[in-house]
Amino acid sequence: MTAEATTDQLAGAPDPRKRALSGRAAANNTAAMLASRIFAAVLGLLGTTLIARALPAVEWGYFSFVFGLLGMLAIITDLGVGRAVIGKLVHGEPAESAEIATSFIALRTVLGLLGYGLAMAYVFVLRCPPEIIAATAIAGLVVVIATPSHALTVLFQSTMRLTLVAAAEALARTVQLALTVAAVLWAPTLLVVVVPALLYEVVAVAVKIVGVGRGLGGPIPARHLELRWWGEMLREALPLSIGLGLIIVLQKVGLLLLGHFDSFESVGLFAVGMKFSDLVDTAAIAVVAPMTTLLIALWPAEPDRFRRCFRQATIALLALGLAALVGFWPVATEVVELLFGASFGEAADASRIQIVGGLLGALAHLGLVALMAIGRNVLIPWIALVALGVNLGVSWPLISRLSYEGAAIAGLLAQVVLLVAVWLALVLTLRMRRLVPVATVALVGGLAAAVIVAATRIQHRWDPPWILTSIAACLIYLLLAGGILRRTDGLTIRNLRGPKADETVANRASGVHRDDRHRDSARLRTGPDSDE
């Protein structure tokens, strides 16, 4: 194939393909999702603190247990199919993409119903308290709605049009907080305070349905259902499904182990830290979602740009996560007591540990997406299995001695193993120089540690208003970290955004070869393209 032929082929590519290849579109989508997710996470945290204050300690433990269980159901309701389908939507023909979209939505709907049934079976078989069974019956409907709702998000994600999704989630979270306030004021009982989470999903999916129907996102689903796509989706996503399932267990197992081997009071204290680590996870999702589409679109045609985008995304995610850690660590006790009440102040140390674990997990998540983009799905289950084995191996002795703090330490150790294993797999598979920013991670991490130590000593010695300590620590860290990133990687906000859409590989005569494999949308690459 000549350079001229390649240019003609790419110039005639549909607009969604061009957007998928655009670094600027990825940056814009990241900004929109990050703003929305942070807004939604803050409102969600406020709602959670209201519930924690309104419910008795045991009922708060029940509440945390139920939603921890529902979170683990992603093993069944997700199966990694969404990430596999993105490849088909990005590289597929319009007619096939429409069929795939319909089949994907239908499959996720079935998985949501299956997940609900498994949740109810779990609480019945284990003879959980009646309050937990009733709360699961109501809150479990979240899974039924959220699972197909995420399928709609994948459609928007495939064409880098996540702005509407960001707006939908922000609106839904606002409605949820308003209903949570009403529930806490007038009916502060377990079965009532779980209802706003259900209505959040109703609002979000309604907005997405309208957007997809009007062609504002990805491909408009076909009117007929082709079940033949189901087997292919599940088969191609199987390694990823197993790996992601094990990682979900890794993230949630501490909560369930505490519920069975310790007390529901300790579950509630452990859940406090999870709420803060969710803020870090929010940043991770905002960065990873657009990057998933971009990395899939770039590999294998542009390995250098693939490396650059992965490295920059890793650094950006690290900088954001460390900023949250720097702002939280010195004043953790004050923040926890302010939001959840003085009785929860003892959870501050576990919360610090869980935020560190959340940051490491976020970096590992991005690495897993890169492995998936290059077709190395088969490595993911083995990596996840090793990390989960570490978690389970150390959880029991640590929980028996340190309760919820022991569960937090076990989770942190597992995340360290997961991140190191993912980065090693990427380096050994791709053999690219400067793929993983190890030196930058060490420098910025060391800077964050120094700022944390200084701010913590100042807070303990002079006890200034905690908000001033937090803001000052963040500003000092961001100022110094920005200088480090400019020197080590030449990284600024401007070059993070990348070139304009008309400067992407979709319009440049660069001699890049995109052969017929990209037009063969009935297949998804499951192995490395060694010929490129």
# chains A, B, ... in the order shown; residues from 1 in each chain; ligands from 1
>>> residues_around(residues="Leu430 (chain A)", least_positions_apart="6", cutoff="10 Å", atoms="only C-alpha atoms", output="PyMOL selection string")
chain A and resi 303+307+371+374+528
>>> residues_around(residues="region 126-135 of chain A", least_positions_apart="6", cutoff="8 Å", atoms="only C-alpha atoms", output="VMD selection string")
chain A and resid 62 to 63 66 120 190 to 191 194
>>> write_last_selection(atoms="N, CA, C and O atoms", output="JSON list (two decimals), in the first residue's frame")
[["chain", "number", "residue", "atom", "x", "y", "z"],
["A", 62, "TYR", "N", -24.63, -1.90, 57.34],
["A", 62, "TYR", "CA", -25.48, -2.60, 56.38],
["A", 62, "TYR", "C", -25.47, -1.90, 55.03],
["A", 62, "TYR", "O", -25.34, -2.53, 53.97],
["A", 63, "PHE", "N", -25.63, -0.58, 55.06],
["A", 63, "PHE", "CA", -25.66, 0.23, 53.83],
["A", 63, "PHE", "C", -24.37, 0.02, 53.04],
["A", 63, "PHE", "O", -24.39, -0.22, 51.82],
["A", 66, "VAL", "N", -24.14, -3.55, 51.50],
["A", 66, "VAL", "CA", -25.02, -3.74, 50.34],
["A", 66, "VAL", "C", -24.39, -3.15, 49.08],
["A", 66, "VAL", "O", -24.31, -3.81, 48.03],
["A", 120, "MET", "N", -29.40, -11.17, 45.09],
["A", 120, "MET", "CA", -30.43, -11.66, 46.00],
["A", 120, "MET", "C", -30.11, -13.08, 46.48],
["A", 120, "MET", "O", -30.31, -13.40, 47.65],
["A", 190, "LEU", "N", -32.88, 2.87, 56.64],
["A", 190, "LEU", "CA", -32.05, 2.19, 55.65],
["A", 190, "LEU", "C", -32.78, 2.01, 54.32],
["A", 190, "LEU", "O", -32.22, 2.27, 53.25],
["A", 191, "LEU", "N", -34.02, 1.56, 54.37],
["A", 191, "LEU", "CA", -34.74, 1.25, 53.14],
["A", 191, "LEU", "C", -35.13, 2.49, 52.35],
["A", 191, "LEU", "O", -35.40, 2.39, 51.15],
["A", 194, "VAL", "N", -31.63, 4.27, 50.46],
["A", 194, "VAL", "CA", -31.05, 3.61, 49.29],
["A", 194, "VAL", "C", -31.78, 3.98, 48.00],
["A", 194, "VAL", "O", -31.26, 3.77, 46.91]]
>>> closest_residue(among="A:Ala98, A:Cys474, A:Val331, A:Ala146", to="Leu198 (chain A)", atoms="only C-alpha atoms")
A:Ala146
>>> residues_around(residues="Val210 (chain A)", least_positions_apart="4", cutoff="12 Å", atoms="only C-alpha atoms", output="NGL selection string")
:A and (149 or 152 or 164-165 or 168 or 203-206 or 214-217 or 220)
>>> write_last_selection(atoms="all heavy atoms", output="tab-separated table (two decimals), in the first residue's frame")
chain	number	residue	atom	x	y	z
A	149	SER	N	-27.23	1.12	30.93
A	149	SER	CA	-26.87	2.53	30.84
A	149	SER	C	-25.40	2.68	30.47
A	149	SER	O	-25.02	3.55	29.67
A	149	SER	CB	-27.16	3.23	32.16
A	149	SER	OG	-26.76	4.58	32.13
A	152	LEU	N	-24.76	2.43	26.80
A	152	LEU	CA	-24.96	3.69	26.07
A	152	LEU	C	-23.73	4.59	26.20
A	152	LEU	O	-23.34	5.27	25.25
A	152	LEU	CB	-26.20	4.41	26.60
A	152	LEU	CG	-27.53	3.65	26.46
A	152	LEU	CD1	-28.67	4.47	27.04
A	152	LEU	CD2	-27.81	3.29	25.01
A	164	LEU	N	-22.06	14.88	26.68
A	164	LEU	CA	-23.44	14.67	27.10
A	164	LEU	C	-23.50	13.69	28.28
A	164	LEU	O	-24.31	13.88	29.21
A	164	LEU	CB	-24.28	14.13	25.94
A	164	LEU	CG	-25.76	13.90	26.25
A	164	LEU	CD1	-26.43	15.21	26.61
A	164	LEU	CD2	-26.47	13.26	25.05
A	165	VAL	N	-22.66	12.67	28.26
A	165	VAL	CA	-22.61	11.74	29.37
A	165	VAL	C	-22.20	12.47	30.65
A	165	VAL	O	-22.76	12.25	31.73
A	165	VAL	CB	-21.63	10.59	29.07
A	165	VAL	CG1	-21.47	9.68	30.28
A	165	VAL	CG2	-22.11	9.79	27.87
A	168	ALA	N	-25.13	14.43	31.86
A	168	ALA	CA	-26.17	13.54	32.41
A	168	ALA	C	-25.81	13.09	33.82
A	168	ALA	O	-26.67	13.08	34.71
A	168	ALA	CB	-26.36	12.34	31.49
A	203	VAL	N	-32.39	8.88	36.03
A	203	VAL	CA	-32.17	10.17	35.36
A	203	VAL	C	-31.04	10.06	34.34
A	203	VAL	O	-31.16	10.53	33.20
A	203	VAL	CB	-31.86	11.26	36.40
A	203	VAL	CG1	-31.46	12.56	35.71
A	203	VAL	CG2	-33.06	11.49	37.31
A	204	ALA	N	-29.95	9.44	34.73
A	204	ALA	CA	-28.79	9.34	33.83
A	204	ALA	C	-29.12	8.57	32.56
A	204	ALA	O	-28.79	9.00	31.45
A	204	ALA	CB	-27.62	8.69	34.56
A	205	VAL	N	-29.80	7.43	32.69
A	205	VAL	CA	-30.10	6.64	31.51
A	205	VAL	C	-31.12	7.33	30.62
A	205	VAL	O	-31.07	7.21	29.38
A	205	VAL	CB	-30.59	5.22	31.90
A	205	VAL	CG1	-32.01	5.24	32.42
A	205	VAL	CG2	-30.46	4.26	30.73
A	206	ALA	N	-32.02	8.09	31.21
A	206	ALA	CA	-33.02	8.80	30.40
A	206	ALA	C	-32.35	9.83	29.50
A	206	ALA	O	-32.67	9.94	28.30
A	206	ALA	CB	-34.04	9.47	31.31
A	214	ARG	N	-31.15	10.85	19.22
A	214	ARG	CA	-30.99	12.02	18.36
A	214	ARG	C	-29.66	12.05	17.63
A	214	ARG	O	-29.32	13.04	16.98
A	214	ARG	CB	-31.14	13.30	19.20
A	214	ARG	CG	-32.54	13.48	19.76
A	214	ARG	CD	-32.68	14.79	20.51
A	214	ARG	NE	-34.03	14.99	20.99
A	214	ARG	CZ	-34.43	16.07	21.67
A	214	ARG	NH1	-33.56	17.04	21.95
A	214	ARG	NH2	-35.68	16.17	22.09
A	215	GLY	N	-28.89	10.99	17.74
A	215	GLY	CA	-27.62	10.91	17.03
A	215	GLY	C	-26.54	11.80	17.59
A	215	GLY	O	-25.62	12.19	16.87
A	216	LEU	N	-26.62	12.13	18.88
A	216	LEU	CA	-25.65	13.03	19.48
A	216	LEU	C	-24.41	12.31	20.00
A	216	LEU	O	-23.47	12.96	20.45
A	216	LEU	CB	-26.30	13.80	20.65
A	216	LEU	CG	-27.53	14.64	20.29
A	216	LEU	CD1	-28.10	15.29	21.55
A	216	LEU	CD2	-27.16	15.70	19.27
A	217	GLY	N	-24.44	11.00	19.96
A	217	GLY	CA	-23.31	10.23	20.48
A	217	GLY	C	-22.74	9.31	19.44
A	217	GLY	O	-22.37	9.71	18.34
A	220	ILE	N	-26.30	5.05	16.02
A	220	ILE	CA	-27.69	4.84	16.42
A	220	ILE	C	-27.99	3.34	16.32
A	220	ILE	O	-27.78	2.74	15.27
A	220	ILE	CB	-28.64	5.64	15.51
A	220	ILE	CG1	-28.36	7.14	15.68
A	220	ILE	CG2	-30.09	5.33	15.86
A	220	ILE	CD1	-29.21	8.01	14.78
>>> residues_around(residues="His365 (chain A)", least_positions_apart="6", cutoff="12 Å", atoms="only C-alpha atoms", output="PyMOL selection string")
chain A and resi 243-244+247-248+251+280-281+283-289+291-292+310+313-314+317+358-359+371-372+380+383-384+415+418-423
>>> residues_around(residues="Pro464 (chain A)", least_positions_apart="5", cutoff="12 Å", atoms="only C-alpha atoms", output="compact mmCIF listing (two decimals) with N, CA and C atoms, in the first residue's frame")
# COMPACT_ATOMS: atom_id res chain seq x y z
N PRO A 330 -2.38 15.42 55.36
CA PRO A 330 -2.07 16.15 56.60
C PRO A 330 -3.29 16.47 57.45
N VAL A 331 -4.47 16.51 56.83
CA VAL A 331 -5.68 16.95 57.55
C VAL A 331 -6.75 15.87 57.51
N GLU A 334 -9.24 15.73 60.53
CA GLU A 334 -10.19 16.86 60.54
C GLU A 334 -11.26 16.70 59.48
N ALA A 455 3.74 19.53 55.68
CA ALA A 455 2.40 20.02 56.01
C ALA A 455 1.85 19.32 57.25
N THR A 456 2.14 18.04 57.40
CA THR A 456 1.65 17.30 58.58
C THR A 456 2.29 17.84 59.86
N ARG A 457 3.58 18.13 59.82
CA ARG A 457 4.25 18.68 61.00
C ARG A 457 3.70 20.06 61.36
N ILE A 458 3.47 20.87 60.34
CA ILE A 458 2.90 22.19 60.60
C ILE A 458 1.51 22.07 61.22
N GLN A 459 0.70 21.15 60.69
CA GLN A 459 -0.66 20.98 61.20
C GLN A 459 -0.65 20.50 62.65
N THR A 469 -4.16 24.65 55.45
CA THR A 469 -3.07 23.69 55.30
C THR A 469 -3.24 22.88 54.02
N SER A 470 -4.45 22.41 53.78
CA SER A 470 -4.71 21.58 52.60
C SER A 470 -4.46 22.35 51.31
N ILE A 471 -5.01 23.56 51.23
CA ILE A 471 -4.85 24.35 50.00
C ILE A 471 -3.40 24.74 49.78
N ALA A 472 -2.72 25.17 50.84
CA ALA A 472 -1.32 25.57 50.69
C ALA A 472 -0.45 24.40 50.24
